[in-house]
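Asker: Structure file structure11.txt (compact mmCIF, C-alpha atoms) right here:
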```txt
# COMPACT_ATOMS: atom_id res chain seq x y z
CA MET Q 1 8.96 20.29 1.81
CA LEU Q 2 10.70 21.57 4.89
CA SER Q 3 8.29 23.27 7.24
CA LEU Q 4 8.17 26.87 6.13
CA SER Q 5 8.51 28.50 9.52
CA LYS Q 6 12.04 27.17 9.94
CA GLN Q 7 13.03 27.36 6.34
CA GLN Q 8 15.36 29.81 4.73
CA HIS Q 9 13.32 31.56 2.08
CA THR Q 10 15.21 30.79 -1.08
CA PRO Q 11 13.84 31.79 -4.50
CA ALA Q 12 12.95 28.10 -4.99
CA SER Q 13 10.95 27.96 -1.75
CA ARG Q 14 9.14 31.22 -2.51
CA GLN Q 15 8.19 29.94 -5.94
CA TYR Q 16 7.06 26.66 -4.40
CA VAL Q 17 4.80 28.45 -1.91
CA ILE Q 18 3.22 30.56 -4.66
CA ARG Q 19 2.63 27.55 -6.91
CA THR Q 20 1.30 25.46 -4.02
CA MET Q 21 -1.18 28.16 -3.04
CA ALA Q 22 -2.31 28.55 -6.64
CA PHE Q 23 -2.89 24.81 -7.12
CA MET Q 24 -4.46 24.38 -3.68
CA SER Q 25 -6.84 27.26 -4.41
CA GLY Q 26 -7.96 25.56 -7.61
CA TYR Q 27 -8.50 22.26 -5.83
CA VAL Q 28 -10.40 23.85 -2.95
CA ALA Q 29 -12.51 25.99 -5.32
CA VAL Q 30 -13.70 22.93 -7.28
CA ASN Q 31 -14.46 21.01 -4.09
CA VAL Q 32 -16.31 23.90 -2.45
CA ALA Q 33 -18.34 24.38 -5.63
CA ALA Q 34 -19.17 20.66 -5.56
CA ILE Q 35 -20.22 20.83 -1.90
CA PHE Q 36 -22.60 23.69 -2.74
CA GLY Q 37 -24.11 21.70 -5.60
CA ALA Q 38 -22.64 23.61 -8.52
CA PHE Q 39 -22.12 20.41 -10.48
CA ASP Q 40 -25.30 18.54 -9.53
CA ASP Q 41 -26.76 19.09 -12.99
CA ILE Q 42 -23.98 17.24 -14.80
CA GLN Q 43 -24.30 13.98 -12.88
CA GLY Q 44 -24.35 11.08 -15.32
CA LYS Q 45 -23.44 13.29 -18.28
CA PRO Q 46 -20.15 13.31 -20.24
CA ALA Q 47 -19.28 16.68 -18.65
CA ALA Q 48 -18.86 14.84 -15.35
CA TRP Q 49 -15.73 13.18 -16.80
CA LEU Q 50 -14.38 16.62 -17.61
CA LEU Q 51 -15.06 17.72 -14.04
CA ALA Q 52 -13.13 14.69 -12.77
CA ALA Q 53 -10.16 15.72 -14.92
CA VAL Q 54 -10.44 19.34 -13.73
CA VAL Q 55 -10.20 18.37 -10.08
CA ALA Q 56 -7.20 16.13 -10.82
CA ALA Q 57 -5.30 18.88 -12.65
CA PRO Q 58 -4.27 20.83 -9.50
CA VAL Q 59 -3.03 17.58 -7.94
CA ALA Q 60 -0.83 16.92 -10.97
CA GLY Q 61 0.23 20.58 -10.87
CA GLN Q 62 1.27 20.20 -7.26
CA ILE Q 63 3.50 17.25 -8.14
CA TRP Q 64 5.09 19.40 -10.85
CA ALA Q 65 5.62 22.25 -8.34
CA THR Q 66 7.27 19.84 -5.90
CA LEU Q 67 9.56 18.44 -8.58
CA CYS Q 68 10.55 21.99 -9.63
CA PHE Q 69 11.25 22.84 -6.00
CA MET Q 70 13.48 19.79 -5.66
CA ARG Q 71 15.28 20.55 -8.92
CA ASP Q 72 16.02 24.13 -7.81
CA SER Q 73 17.06 23.29 -4.24
CA ASP Q 74 20.32 22.01 -2.81
CA GLU Q 75 21.00 18.35 -2.15
CA PHE Q 76 19.95 18.42 1.51
CA VAL Q 77 16.58 20.10 0.88
CA ARG Q 78 16.04 17.78 -2.09
CA ALA Q 79 16.72 14.67 -0.01
CA VAL Q 80 14.57 15.77 2.94
CA THR Q 81 11.69 16.78 0.65
CA ALA Q 82 11.80 13.38 -1.05
CA LYS Q 83 11.85 11.63 2.33
CA GLN Q 84 8.91 13.67 3.65
CA PHE Q 85 6.95 13.03 0.46
CA ILE Q 86 7.62 9.29 0.48
CA VAL Q 87 6.66 8.89 4.15
CA SER Q 88 3.47 10.95 3.71
CA ALA Q 89 2.41 9.27 0.47
CA GLY Q 90 3.18 5.82 1.89
CA ALA Q 91 1.19 6.49 5.06
CA ALA Q 92 -1.76 7.91 3.08
CA MET Q 93 -1.80 4.90 0.75
CA ALA Q 94 -1.50 2.46 3.64
CA LEU Q 95 -4.35 4.13 5.54
CA PHE Q 96 -6.59 4.31 2.49
CA SER Q 97 -5.87 0.69 1.53
CA ALA Q 98 -6.73 -0.41 5.05
CA TRP Q 99 -9.91 1.68 4.93
CA GLY Q 100 -10.90 0.10 1.62
CA PHE Q 101 -10.70 -3.37 3.12
CA ALA Q 102 -12.43 -2.13 6.27
CA GLU Q 103 -15.28 -0.94 4.03
CA ALA Q 104 -15.47 -4.28 2.25
CA TYR Q 105 -15.18 -6.56 5.25
CA ALA Q 106 -15.72 -4.63 8.46
CA GLY Q 107 -18.64 -2.41 7.53
CA ALA Q 108 -16.70 0.84 7.71
CA PRO Q 109 -18.51 3.81 6.10
CA HIS Q 110 -17.60 4.63 2.51
CA ALA Q 111 -14.80 7.14 1.96
CA GLN Q 112 -14.61 8.73 -1.48
CA GLY Q 113 -11.40 8.35 -3.44
CA TRP Q 114 -10.67 12.05 -3.69
CA LEU Q 115 -10.19 12.14 0.09
CA ILE Q 116 -6.71 10.66 -0.33
CA TYR Q 117 -5.36 14.06 -1.40
CA PRO Q 118 -6.39 16.01 1.72
CA LEU Q 119 -5.37 12.96 3.75
CA PHE Q 120 -1.91 13.09 2.18
CA TRP Q 121 -1.53 16.78 3.09
CA ALA Q 122 -2.79 16.23 6.63
CA ILE Q 123 -0.18 13.51 7.09
CA PHE Q 124 2.46 15.66 5.38
CA GLY Q 125 1.76 18.44 7.88
CA CYS Q 126 2.40 16.03 10.74
CA VAL Q 127 5.40 14.33 9.16
CA ALA Q 128 7.35 17.33 7.82
CA PRO Q 129 8.39 18.76 11.22
CA LEU Q 130 9.60 15.30 12.30
CA VAL Q 131 11.61 14.40 9.21
CA ARG Q 132 14.59 16.77 9.36
CA SER Q 133 17.44 14.48 8.42
CA SER Q 134 18.43 13.07 5.06
CA ASN Q 135 20.05 10.01 6.67
CA MET V 1 29.27 11.70 9.02
CA LYS V 2 31.60 13.19 11.62
CA ASN V 3 33.28 16.35 10.42
CA ARG V 4 35.15 19.52 11.44
CA LEU V 5 32.94 21.86 9.46
CA LYS V 6 31.68 23.89 12.40
CA LEU V 7 35.20 24.30 13.78
CA LEU V 8 36.54 25.46 10.41
CA ARG V 9 33.61 27.83 9.95
CA VAL V 10 33.91 29.37 13.41
CA GLU V 11 37.67 29.81 12.96
CA ARG V 12 36.85 32.14 10.08
CA ASN V 13 34.00 33.87 11.93
CA TRP V 14 31.54 32.84 9.26
CA THR V 15 27.85 32.32 9.89
CA GLN V 16 26.08 29.28 8.53
CA GLU V 17 24.39 31.61 6.09
CA GLN V 18 27.72 32.94 4.81
CA LEU V 19 29.19 29.47 4.46
CA GLY V 20 26.06 28.33 2.65
CA GLN V 21 26.39 31.22 0.20
CA ALA V 22 30.04 30.42 -0.43
CA LEU V 23 29.14 26.80 -1.13
CA GLY V 24 25.95 27.47 -3.05
CA VAL V 25 23.73 25.63 -0.57
CA SER V 26 21.09 26.68 1.96
CA ARG V 27 21.74 27.51 5.60
CA GLN V 28 19.77 24.41 6.53
CA ALA V 29 22.18 22.30 4.50
CA VAL V 30 25.16 23.74 6.41
CA ASN V 31 23.36 23.15 9.70
CA ALA V 32 22.51 19.58 8.70
CA LEU V 33 26.12 18.89 7.77
CA GLU V 34 27.41 20.30 11.05
CA THR V 35 24.94 18.29 13.10
CA GLU V 36 25.55 15.11 11.08
CA LYS V 37 22.01 15.01 9.75
CA HIS V 38 23.21 14.95 6.17
CA ASP V 39 26.03 13.05 4.52
CA PRO V 40 27.33 15.24 1.70
CA SER V 41 27.62 14.10 -1.87
CA LEU V 42 31.14 13.64 -3.16
CA ASP V 43 30.77 16.87 -5.12
CA LEU V 44 29.75 18.90 -2.08
CA ALA V 45 32.46 17.32 0.10
CA TYR V 46 35.10 18.34 -2.45
CA ARG V 47 33.64 21.85 -2.71
CA ILE V 48 33.84 22.23 1.07
CA ALA V 49 37.39 20.90 1.18
CA ALA V 50 38.45 23.25 -1.62
CA LEU V 51 36.84 26.24 0.13
CA PHE V 52 38.85 25.56 3.28
CA ALA V 53 41.94 24.52 1.27
CA ARG V 54 42.13 21.18 3.08
CA PRO V 55 42.07 17.58 1.91
CA VAL V 56 38.60 16.07 2.18
CA GLU V 57 39.70 13.71 4.94
CA GLU V 58 40.79 16.65 7.11
CA VAL V 59 37.23 17.98 6.97
CA PHE V 60 35.24 14.72 6.98
CA GLU V 61 36.23 11.68 8.98
CA ASN V 62 36.56 8.66 6.73
CA PRO V 63 33.99 6.22 8.15
CA HIS V 64 35.76 3.35 6.41
CA GLY V 65 39.32 4.29 7.26
```
Would you mind giving the structure from this file in structure tokens?
Answerer:
Amino acid sequence: MLSLSKQQHTPASRQYVIRTMAFMSGYVAVNVAAIFGAFDDIQGKPAAWLLAAVVAAPVAGQIWATLCFMRDSDEFVRAVTAKQFIVSAGAAMALFSAWGFAEAYAGAPHAQGWLIYPLFWAIFGCVAPLVRSSN
Amino acid sequence: MKNRLKLLRVERNWTQEQLGQALGVSRQAVNALETEKHDPSLDLAYRIAALFARPVEEVFENPHG
């Protein structure tokens, strides 16, 4: 979405911020718990599949929040948000694809698949202030 | 798309915020239109023209004309 510091705070943008923070908190909480070994006991058990679904849920929720934000915004904000999202997602996928091949053929260290989500947001943070036109 | 939106707005002493409210769009949208960073949809172009009681082509330059 448009960078918040320069954005007019419409009801849609306020709702988007609240939803984003809620979903991000869920995602971060699961990852922090994993880092501190909270799920070490379920490795190799069926519950591990449930954990995988749990960590994916906030990501899906974030997509829903973004779509709601676009639906409730005007045509300019909608177009710019879509452009920012496409550029960020494209760059994240390109980087991760390159890294995958670098792992396979160039001996690059392994990067876990879940890293694509924080990578996407890191790129989004860099891209959003630069993409300000719908043209 | 070149347009006379800023001129028309300033003639009426409206802020971008006020114009945005009258049109049902954000201030950023008005700013983007004025600075040619957004080409309006046909619907928005007609809404703007109706608000200023002008034909669309008096507000937006026809790029194909």
Asker: Closest to Ala53 in chain V among V:Asn3, V:Leu8, V:Ala29, V:Lys37, using all atoms listed in the file?
Answerer: V:Leu8
Asker: May I ask you to extract the residues of chain Q within 6 Å of chain V, using only C-alpha atoms, and to give them as an MDAnalysis selection string?
Answerer: chainID Q and resid 74 76 133:135
Asker: Using only C-alpha atoms, pick whichever of Q:Phe124, Q:Trp114, Q:Tyr105, Q:Trp49 has the shortest atom-to-atom distance to Val28 in chain Q.
Answerer: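 Using only C-alpha atoms, the shortest distance to Val28 in chain Q belongs to Q:Trp114.
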Asker: Out of V:Asn13, V:Leu23, V:Leu7, V:Gln18, which residue has the shortest atom-to-atom distance to Ala50 in chain V when counting all atoms listed in the file?
Answerer: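 The closest residue to Ala50 in chain V is V:Leu23.
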Asker: So how many Å separate CA of Asn31 in chain Q and CA of Ser88 in chain Q, to one decimal?
Answerer: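 Interatomic distance, CA of Asn31 in chain Q to CA of Ser88 in chain Q: 22.0 Å.
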Asker: In the coordinates of the file, take the point (35.2, 7.9, 4.3) and a cut-off of 12 Å; then, counting only C-alpha atoms, name each qualifying protein, DNA or RNA residue as a ChimeraX atom specification.
Answerer: /V:1-3,39-42,45,56-65
Asker: Output the selection as a JSON list (two decimals), in the coordinates of the input - C-alpha atoms for each residue.
Answerer:
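Resulting contents of again_16.json:
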```
[["chain", "number", "residue", "atom", "x", "y", "z"],
["V", 1, "MET", "CA", 29.27, 11.70, 9.02],
["V", 2, "LYS", "CA", 31.60, 13.19, 11.62],
["V", 3, "ASN", "CA", 33.28, 16.35, 10.42],
["V", 39, "ASP", "CA", 26.03, 13.05, 4.52],
["V", 40, "PRO", "CA", 27.33, 15.24, 1.70],
["V", 41, "SER", "CA", 27.62, 14.10, -1.87],
["V", 42, "LEU", "CA", 31.14, 13.64, -3.16],
["V", 45, "ALA", "CA", 32.46, 17.32, 0.10],
["V", 56, "VAL", "CA", 38.60, 16.07, 2.18],
["V", 57, "GLU", "CA", 39.70, 13.71, 4.94],
["V", 58, "GLU", "CA", 40.79, 16.65, 7.11],
["V", 59, "VAL", "CA", 37.23, 17.98, 6.97],
["V", 60, "PHE", "CA", 35.24, 14.72, 6.98],
["V", 61, "GLU", "CA", 36.23, 11.68, 8.98],
["V", 62, "ASN", "CA", 36.56, 8.66, 6.73],
["V", 63, "PRO", "CA", 33.99, 6.22, 8.15],
["V", 64, "HIS", "CA", 35.76, 3.35, 6.41],
["V", 65, "GLY", "CA", 39.32, 4.29, 7.26]]
```
Asker: Give me the residues near Ala12 in chain Q as a CSV table (one decimal) with C-alpha atoms, keeping the file's coordinate frame, where near means some atom within 7 Å (using only C-alpha atoms) and where sequence neighbours in that chain fewer than 6 positions away do not count.
Answerer:
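Result file result-v3.csv:
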```csv
chain,number,residue,atom,x,y,z
Q,69,PHE,CA,11.2,22.8,-6.0
Q,72,ASP,CA,16.0,24.1,-7.8
Q,73,SER,CA,17.1,23.3,-4.2
```
Asker: What gap, in Å, lies between CA of Ala108 in chain Q and CA of Leu51 in chain Q?
Answerer: 27.6 Å
